[in-house]
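Q: The file below is model_37.pdb, PDB, C-alpha atoms:
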MODEL        1
ATOM      1  CA  MET S  29    -112.625   7.397 -45.136
ATOM      2  CA  ILE S  30    -113.388   4.080 -43.454
ATOM      3  CA  MET S  31    -109.818   2.859 -44.061
ATOM      4  CA  GLN S  32    -108.437   6.153 -42.752
ATOM      5  CA  ASP S  33    -110.579   5.915 -39.600
ATOM      6  CA  LEU S  34    -109.411   2.370 -38.986
ATOM      7  CA  PHE S  35    -105.811   3.451 -39.450
ATOM      8  CA  THR S  36    -106.307   6.391 -37.082
ATOM      9  CA  GLN S  37    -107.891   4.152 -34.455
ATOM     10  CA  LYS S  38    -104.999   1.702 -34.702
ATOM     11  CA  MET S  39    -102.465   4.507 -34.306
ATOM     12  CA  ILE S  40    -104.294   5.853 -31.242
ATOM     13  CA  PHE S  41    -104.401   2.347 -29.755
ATOM     14  CA  PHE S  42    -100.712   1.824 -30.482
ATOM     15  CA  ARG S  43     -99.772   5.149 -28.863
ATOM     16  CA  LYS S  44    -101.802   4.335 -25.754
ATOM     17  CA  LYS S  45    -100.190   0.912 -25.550
ATOM     18  CA  LEU S  46     -96.726   2.411 -26.023
ATOM     19  CA  GLY S  47     -97.398   5.029 -23.360
ATOM     20  CA  PHE S  48     -98.637   2.382 -20.938
ATOM     21  CA  SER S  49     -95.543   0.239 -21.583
ATOM     22  CA  SER S  50     -93.272   3.232 -20.989
ATOM     23  CA  LYS S  51     -94.969   3.933 -17.662
ATOM     24  CA  ILE S  52     -94.601   0.296 -16.620
ATOM     25  CA  THR S  53     -90.909   0.358 -17.599
ATOM     26  CA  PHE S  54     -90.300   3.542 -15.599
ATOM     27  CA  ILE S  55     -92.069   2.133 -12.538
ATOM     28  CA  PHE S  56     -90.027  -1.070 -12.824
ATOM     29  CA  ILE S  57     -86.735   0.842 -13.019
ATOM     30  CA  PHE S  58     -87.728   3.066 -10.092
ATOM     31  CA  LEU S  59     -88.767   0.179  -7.836
ATOM     32  CA  ILE S  60     -85.985  -2.243  -8.724
ATOM     33  CA  ILE S  61     -82.990   0.030  -9.244
ATOM     34  CA  ILE S  62     -83.433   3.587  -7.984
ATOM     35  CA  LEU S  63     -85.464   3.134  -4.794
ATOM     36  CA  PRO S  64     -83.292   0.396  -3.228
ATOM     37  CA  ASN S  65     -80.153   2.469  -3.785
ATOM     38  CA  VAL S  66     -81.739   5.533  -2.193
ATOM     39  CA  CYS S  67     -82.925   3.539   0.799
ATOM     40  CA  LEU S  68     -79.573   1.788   1.088
ATOM     41  CA  GLY S  69     -77.778   5.115   1.274
ATOM     42  CA  LYS S  70     -80.030   6.328   4.086
ATOM     43  CA  THR S  71     -79.828   3.209   6.239
ATOM     44  CA  ASP S  72     -76.176   2.591   5.411
ATOM     45  CA  ASN S  73     -75.101   5.931   6.862
ATOM     46  CA  ASN S  74     -76.634   5.067  10.233
ATOM     47  CA  GLN S  75     -75.221   1.564  10.618
ATOM     48  CA  ASN S  76     -72.865   0.996  13.543
ATOM     49  CA  LYS S  77     -69.948  -0.005  11.356
ATOM     50  CA  PRO S  78     -67.162   1.432   9.191
ATOM     51  CA  ILE S  79     -69.584   2.205   6.399
ATOM     52  CA  ARG S  80     -68.746   0.982   2.904
ATOM     53  CA  ILE S  81     -65.159   0.165   3.819
ATOM     54  CA  GLU S  82     -65.566  -3.060   1.847
ATOM     55  CA  ARG S  83     -66.038  -0.923  -1.271
ATOM     56  CA  PHE S  84     -62.761   0.860  -0.612
ATOM     57  CA  LEU S  85     -60.817  -2.298   0.262
ATOM     58  CA  ASN S  86     -61.439  -5.560  -1.554
ATOM     59  CA  ILE S  87     -59.665  -7.978   0.788
ATOM     60  CA  SER S  88     -62.403 -10.549   1.369
ATOM     61  CA  GLU S  89     -59.848 -13.361   0.968
ATOM     62  CA  ILE S  90     -58.253 -12.144   4.229
ATOM     63  CA  ILE S  91     -61.088 -10.547   6.173
ATOM     64  CA  ASN S  92     -64.743  -9.931   5.358
ATOM     65  CA  LEU S  93     -64.979  -6.223   6.124
ATOM     66  CA  GLU S  94     -68.692  -6.177   5.364
ATOM     67  CA  ASN S  95     -69.291  -8.161   8.563
ATOM     68  CA  ILE S  96     -67.176  -5.899  10.771
ATOM     69  CA  PHE S  97     -69.072  -3.665  13.200
ATOM     70  CA  TRP S  98     -67.981  -1.148  15.794
ATOM     71  CA  ASP S  99     -67.749  -2.526  19.334
ATOM     72  CA  MET S 100     -66.984  -6.050  18.137
ATOM     73  CA  SER S 101     -64.384  -7.912  20.156
ATOM     74  CA  VAL S 102     -61.026  -7.407  18.436
ATOM     75  CA  ASP S 103     -59.892 -10.831  19.650
ATOM     76  CA  LYS S 104     -62.946 -12.366  17.984
ATOM     77  CA  ILE S 105     -62.115 -10.597  14.706
ATOM     78  CA  ILE S 106     -58.544 -11.908  14.815
ATOM     79  CA  LYS S 107     -59.688 -15.491  15.470
ATOM     80  CA  ASN S 108     -61.262 -15.543  12.002
ATOM     81  CA  ILE S 109     -58.011 -14.542  10.265
ATOM     82  CA  LYS S 110     -55.149 -16.865   9.362
ATOM     83  CA  SER S 111     -52.194 -16.373  11.689
ATOM     84  CA  SER S 112     -49.898 -15.809   8.706
ATOM     85  CA  LYS S 113     -51.928 -12.742   7.712
ATOM     86  CA  TYR S 114     -51.560 -10.664  10.877
ATOM     87  CA  ASN S 115     -48.934  -9.472  13.334
ATOM     88  CA  MET S 116     -49.299  -9.111  17.087
ATOM     89  CA  SER S 117     -47.384  -6.526  19.107
ATOM     90  CA  ASP S 118     -46.996  -5.954  22.842
ATOM     91  CA  GLY S 119     -49.627  -3.245  22.582
ATOM     92  CA  PHE S 120     -49.305   0.523  22.581
ATOM     93  CA  LYS S 121     -51.608   3.507  22.897
ATOM     94  CA  ILE S 122     -51.887   6.420  20.472
ATOM     95  CA  GLY S 123     -54.551   8.968  21.301
ATOM     96  CA  TYR S 124     -57.830   7.172  22.000
ATOM     97  CA  CYS S 125     -56.611   3.929  20.360
ATOM     98  CA  TYR S 126     -54.902   0.891  21.806
ATOM     99  CA  PHE S 127     -53.189  -1.202  19.124
ATOM    100  CA  ARG S 128     -52.168  -4.856  19.316
ATOM    101  CA  TYR S 129     -52.916  -6.294  15.884
ATOM    102  CA  SER S 130     -52.069  -5.343  12.317
ATOM    103  CA  ILE S 131     -53.302  -7.263   9.280
ATOM    104  CA  ASN S 132     -51.064  -7.525   6.226
ATOM    105  CA  ILE S 133     -52.802  -6.480   3.014
ATOM    106  CA  LYS S 134     -51.935  -5.295  -0.478
ATOM    107  CA  ILE S 135     -53.422  -2.329  -2.310
ATOM    108  CA  LYS S 136     -52.502  -2.023  -5.985
ATOM    109  CA  ASN S 137     -49.491  -4.289  -5.308
ATOM    110  CA  GLU S 138     -48.262  -2.047  -2.483
ATOM    111  CA  PRO S 139     -47.867  -3.645   0.975
ATOM    112  CA  TRP S 140     -50.095  -1.990   3.583
ATOM    113  CA  GLU S 141     -51.291  -2.779   7.095
ATOM    114  CA  LEU S 142     -54.743  -2.693   8.614
ATOM    115  CA  TRP S 143     -54.303  -1.702  12.276
ATOM    116  CA  LEU S 144     -57.222  -2.491  14.583
ATOM    117  CA  CYS S 145     -57.880   0.328  17.031
ATOM    118  CA  GLU S 146     -59.298  -0.958  20.319
ATOM    119  CA  ASN S 147     -61.100   0.774  23.099
ATOM    120  CA  PRO S 148     -58.428   0.399  25.820
ATOM    121  CA  GLU S 149     -61.106  -0.194  28.456
ATOM    122  CA  ASN S 150     -62.836  -3.211  26.918
ATOM    123  CA  GLY S 151     -60.907  -4.446  23.854
ATOM    124  CA  LYS S 152     -63.771  -3.566  21.490
ATOM    125  CA  LEU S 153     -63.217  -2.236  17.972
ATOM    126  CA  TYR S 154     -63.113   1.555  17.912
ATOM    127  CA  GLY S 155     -61.357   2.263  14.629
ATOM    128  CA  ILE S 156     -59.455   0.893  11.645
ATOM    129  CA  SER S 157     -56.242   2.540  10.469
ATOM    130  CA  ILE S 158     -54.926   1.743   7.002
ATOM    131  CA  GLU S 159     -51.200   2.430   7.255
ATOM    132  CA  LYS S 160     -48.026   1.817   5.264
ATOM    133  CA  GLY S 161     -44.592   1.185   6.718
ATOM    134  CA  PHE S 162     -45.698   1.685  10.334
ATOM    135  CA  ASN S 163     -43.899  -0.685  12.695
ATOM    136  CA  GLY S 164     -45.730   0.265  15.864
ATOM    137  CA  VAL S 165     -43.140   2.846  16.880
ATOM    138  CA  PHE S 166     -42.395   4.989  13.838
ATOM    139  CA  PHE S 167     -42.785   5.071  10.064
ATOM    140  CA  GLU S 168     -39.998   3.440   8.114
ATOM    141  CA  LYS S 169     -38.959   5.936   5.459
ATOM    142  CA  ASN S 170     -38.146   3.346   2.801
ATOM    143  CA  LYS S 171     -41.376   1.394   3.338
ATOM    144  CA  SER S 172     -43.935   4.127   3.989
ATOM    145  CA  LYS S 173     -43.816   5.836   0.589
ATOM    146  CA  SER S 174     -46.929   5.379  -1.573
ATOM    147  CA  ASN S 175     -47.881   6.449  -5.088
ATOM    148  CA  LEU S 176     -51.616   5.934  -4.536
ATOM    149  CA  PHE S 177     -52.692   9.440  -3.518
ATOM    150  CA  SER S 178     -54.852  10.121  -6.594
ATOM    151  CA  ASN S 179     -56.239   6.594  -6.563
ATOM    152  CA  PHE S 180     -57.237   6.844  -2.897
ATOM    153  CA  LEU S 181     -58.770  10.307  -3.150
ATOM    154  CA  ASN S 182     -60.778   9.479  -6.278
ATOM    155  CA  ASN S 183     -62.062   6.222  -4.772
ATOM    156  CA  LEU S 184     -63.080   7.917  -1.534
ATOM    157  CA  LYS S 185     -64.918  10.651  -3.440
ATOM    158  CA  ASN S 186     -66.699   8.068  -5.590
ATOM    159  CA  ILE S 187     -67.832   6.153  -2.503
ATOM    160  CA  TYR S 188     -68.602   8.990  -0.066
ATOM    161  CA  GLY S 189     -68.960  12.099  -2.209
ATOM    162  CA  PRO S 190     -66.949  15.318  -1.749
ATOM    163  CA  PRO S 191     -65.138  15.576   1.616
ATOM    164  CA  GLU S 192     -66.843  17.763   4.196
ATOM    165  CA  LYS S 193     -63.571  19.237   5.427
ATOM    166  CA  VAL S 194     -60.232  19.729   3.692
ATOM    167  CA  TRP S 195     -57.016  20.910   5.344
ATOM    168  CA  LYS S 196     -54.313  22.082   2.942
ATOM    169  CA  GLU S 197     -52.225  24.820   4.551
ATOM    170  CA  CYS S 198     -50.557  22.574   7.130
ATOM    171  CA  HIS S 199     -47.113  21.187   7.910
ATOM    172  CA  ASN S 200     -45.561  18.591  10.215
ATOM    173  CA  THR S 201     -42.618  18.865  12.613
ATOM    174  CA  ARG S 202     -40.209  18.486   9.678
ATOM    175  CA  TRP S 203     -41.931  21.500   8.091
ATOM    176  CA  ASN S 204     -43.041  19.358   5.186
ATOM    177  CA  PHE S 205     -46.530  20.053   3.891
ATOM    178  CA  THR S 206     -49.451  17.883   4.980
ATOM    179  CA  GLU S 207     -53.103  17.548   3.934
ATOM    180  CA  GLN S 208     -56.282  15.952   5.230
ATOM    181  CA  TYR S 209     -59.661  15.106   3.691
ATOM    182  CA  SER S 210     -62.468  14.110   6.061
ATOM    183  CA  TRP S 211     -66.006  12.725   5.776
ATOM    184  CA  TYR S 212     -68.426  12.686   8.708
ATOM    185  CA  PHE S 213     -71.337  10.287   9.126
ATOM    186  CA  ALA S 214     -73.577   9.487  12.085
ATOM    187  CA  LYS S 215     -71.607   6.370  13.070
ATOM    188  CA  THR S 216     -68.318   6.745  11.193
ATOM    189  CA  THR S 217     -65.668   9.376  10.544
ATOM    190  CA  ILE S 218     -63.294   8.825   7.629
ATOM    191  CA  SER S 219     -60.036  10.741   7.286
ATOM    192  CA  PHE S 220     -57.531  10.557   4.463
ATOM    193  CA  VAL S 221     -54.341  11.978   5.947
ATOM    194  CA  ILE S 222     -51.236  12.845   3.944
ATOM    195  CA  ARG S 223     -48.706  13.041   6.767
ATOM    196  CA  ASP S 224     -45.833  14.148   4.580
ATOM    197  CA  ILE S 225     -46.377  15.268   0.987
ATOM    198  CA  PRO S 226     -42.697  15.209  -0.136
ATOM    199  CA  LEU S 227     -42.165  11.773   1.440
ATOM    200  CA  LYS S 228     -45.531  10.520   0.106
ATOM    201  CA  GLN S 229     -46.608   9.207   3.514
ATOM    202  CA  MET S 230     -50.366   8.784   3.871
ATOM    203  CA  ALA S 231     -53.041   6.858   5.754
ATOM    204  CA  ILE S 232     -56.802   6.307   5.794
ATOM    205  CA  HIS S 233     -58.575   6.202   9.151
ATOM    206  CA  TYR S 234     -62.066   4.853   9.817
ATOM    207  CA  HIS S 235     -63.288   5.359  13.366
ATOM    208  CA  LYS S 236     -66.297   5.958  15.523
ATOM    209  CA  PRO S 237     -67.061   9.659  16.018
ATOM    210  CA  THR S 238     -65.029  10.858  18.998
ATOM    211  CA  GLY S 239     -66.825  14.119  19.699
ATOM    212  CA  ILE S 240     -63.394  15.773  19.828
ATOM    213  CA  LYS S 241     -62.676  18.687  17.502
ATOM    214  CA  ASP S 242     -60.291  17.796  14.691
ATOM    215  CA  PHE S 243     -57.580  20.399  14.156
ATOM    216  CA  GLY S 244     -56.066  18.783  11.076
ATOM    217  CA  PRO S 245     -52.832  17.027  10.102
ATOM    218  CA  GLY S 246     -50.241  19.035  12.011
ATOM    219  CA  ILE S 247     -49.733  22.767  12.335
ATOM    220  CA  CYS S 248     -52.333  24.494  10.177
ATOM    221  CA  SER S 249     -52.416  28.195   9.343
ATOM    222  CA  ALA S 250     -56.151  28.038   8.643
ATOM    223  CA  GLN S 251     -59.027  25.786   9.652
ATOM    224  CA  PRO S 252     -61.767  24.737   7.215
ATOM    225  CA  GLU S 253     -65.237  26.058   7.969
TER     226      GLU S 253
ENDMDL
END
Would you write the structure of this file as structure tokens?
A:
Amino acid sequence: MIMQDLFTQKMIFFRKKLGFSSKITFIFIFLIIILPNVCLGKTDNNQNKPIRIERFLNISEIINLENIFWDMSVDKIIKNIKSSKYNMSDGFKIGYCYFRYSINIKIKNEPWELWLCENPENGKLYGISIEKGFNGVFFEKNKSKSNLFSNFLNNLKNIYGPPEKVWKECHNTRWNFTEQYSWYFAKTTISFVIRDIPLKQMAIHYHKPTGIKDFGPGICSAQPE
């Protein structure tokens, strides 16, 4: 009986110790791993920058996207990039963007360009357009084709979650089908636009919220709710 009582007491002590260790482990995991990620997501969404673009594009050898914020001087951004890595045009306006600079990048061995959208009134960064085969006037058919649709869409979903709006029943002026997937945050709007599905022309746009209603990628028979 005495031996059994001692054994029982040891088992009770061991269980208490194991339970205490489990609680400590859970608290450690919560404080070190879970809580920072939750807090990061909340503060990240409200930062005045193209949020998490550095997770979508790993081009730190050309430009450190993590340090890019909205309303930065575009000229200041360009000064930190090697002259061989960007192109300068005479400047042109499309919608609310004024473009002068494009940065040459590669995504999965495909040549792409990072066009810096400026506020035409003050030269401050207003958006970033990730384009392929755009020469500042039109899209070159032989250079604008991309096979990265699934890769882009999956990466964007992994980073930002499901898109808030999806346009599918749309077409362009050539009557080729188009699509658009958009995510909306307090300081950033992200749009993945497939300008021409048969020609495999697509682009990803990061920009400050414009406050203007988005009607989709062309002529759309229905608007998402």
Q: Identify all residues satisfying the PyMOL selection byres ((chain S and resi 189-204) around 12) in the given file; provide them as a PyMOL selection string.
A: chain S and resi 69+181-188+205-213+217-229+242-253
Q: Between atom CA of Glu159 of chain S and atom CA of Ile131 of chain S, what is the spacing in Å?
A: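 Going from atom CA of Ile131 of chain S over to atom CA of Glu159 of chain S covers 10.1 Å.
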Q: Any idea what's packed within 7 Å of Cys145 of chain S, counting all atoms listed in the file, ignoring anything in its chain fewer than 4 positions away? Could you give it as a ChimeraX atom specification?
A: /S:125-127,153-156
Q: Could you name the residues that touch Lys77 of chain S at 8 Å or less, counting all atoms listed in the file, but leaving out those on the same chain fewer than 6 positions away, as a JSON list (two decimals) with C-alpha atoms, keeping the file's coordinate frame?
A:
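The resulting around.json:
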[["chain", "number", "residue", "atom", "x", "y", "z"],
["S", 96, "ILE", "CA", -67.18, -5.90, 10.77],
["S", 97, "PHE", "CA", -69.07, -3.66, 13.20],
["S", 98, "TRP", "CA", -67.98, -1.15, 15.79],
["S", 215, "LYS", "CA", -71.61, 6.37, 13.07],
["S", 216, "THR", "CA", -68.32, 6.74, 11.19]]
Q: Just checking: using only C-alpha atoms, which residue out of S:Ser130, S:Asn92, S:Asn76, S:Asn179 ends up closest to Glu146 of chain S?
A: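 Result for the nearest residue to Glu146 of chain S: S:Ser130.
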Q: What does the distance from atom CA of Asn74 of chain S to atom CA of Thr238 of chain S come to in Å, to one decimal?
A: 15.7 Å
Q: Could you tell me how far atom CA of Asn95 of chain S lies from atom CA of Ser157 of chain S, in Å and to one decimal?
A: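 If I compute the distance from atom CA of Asn95 of chain S to atom CA of Ser157 of chain S, I get 17.0 Å.
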Q: Using the chain letters and numbers from the file, which residues does the PyMOL selection byres ((chain S and resi 160) around 10) grab, as a PyMOL selection string?
A: chain S and resi 132-134+138-142+157-159+161-163+167-169+171-174+229-232
Q: How big is the axis-aligned box around the listed atoms of segment 178-186 of chain S once 5 Å is added on each side, and where is its centre? Give both in Å to one decimal, as AutoDock Vina command-line options.
A:
--center_x -60.8 --center_y 8.4 --center_z -4.1 --size_x 21.8 --size_y 14.4 --size_z 15.1
Q: Could you give me, as a PyMOL selection string, the residues within 9 Å of Ile106 of chain S, counting all atoms listed in the file and dropping anything in the same chain fewer than 5 positions from it?
A: chain S and resi 101+111+114+129+131
Q: Take the residues from that selection and put them in a file with C-alpha atoms, as a PDB file, keeping the file's coordinate frame.
A:
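Below is the file selection-v2.pdb, written as the result:
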ATOM      1  CA  SER S 101     -64.384  -7.912  20.156  1.00  0.00           C
ATOM      2  CA  SER S 111     -52.194 -16.373  11.689  1.00  0.00           C
ATOM      3  CA  TYR S 114     -51.560 -10.664  10.877  1.00  0.00           C
ATOM      4  CA  TYR S 129     -52.916  -6.294  15.884  1.00  0.00           C
ATOM      5  CA  ILE S 131     -53.302  -7.263   9.280  1.00  0.00           C
TER       6      ILE S 131
END
Q: When distances are computed from all atoms listed in the file, which of S:Lys236, S:Lys113, S:Lys107, S:Lys121 shows the smallest separation from Gln75 of chain S?
A: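 Smallest separation from Gln75 of chain S among the options: S:Lys236.
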Q: In terms of the shortest atom-to-atom distance over all atoms listed in the file, which of S:Ile240, S:Met116, S:Leu144, S:Ile109 is closest to Ser88 of chain S?
A: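 Checking each candidate against Ser88 of chain S, we get S:Ile109 as the closest.
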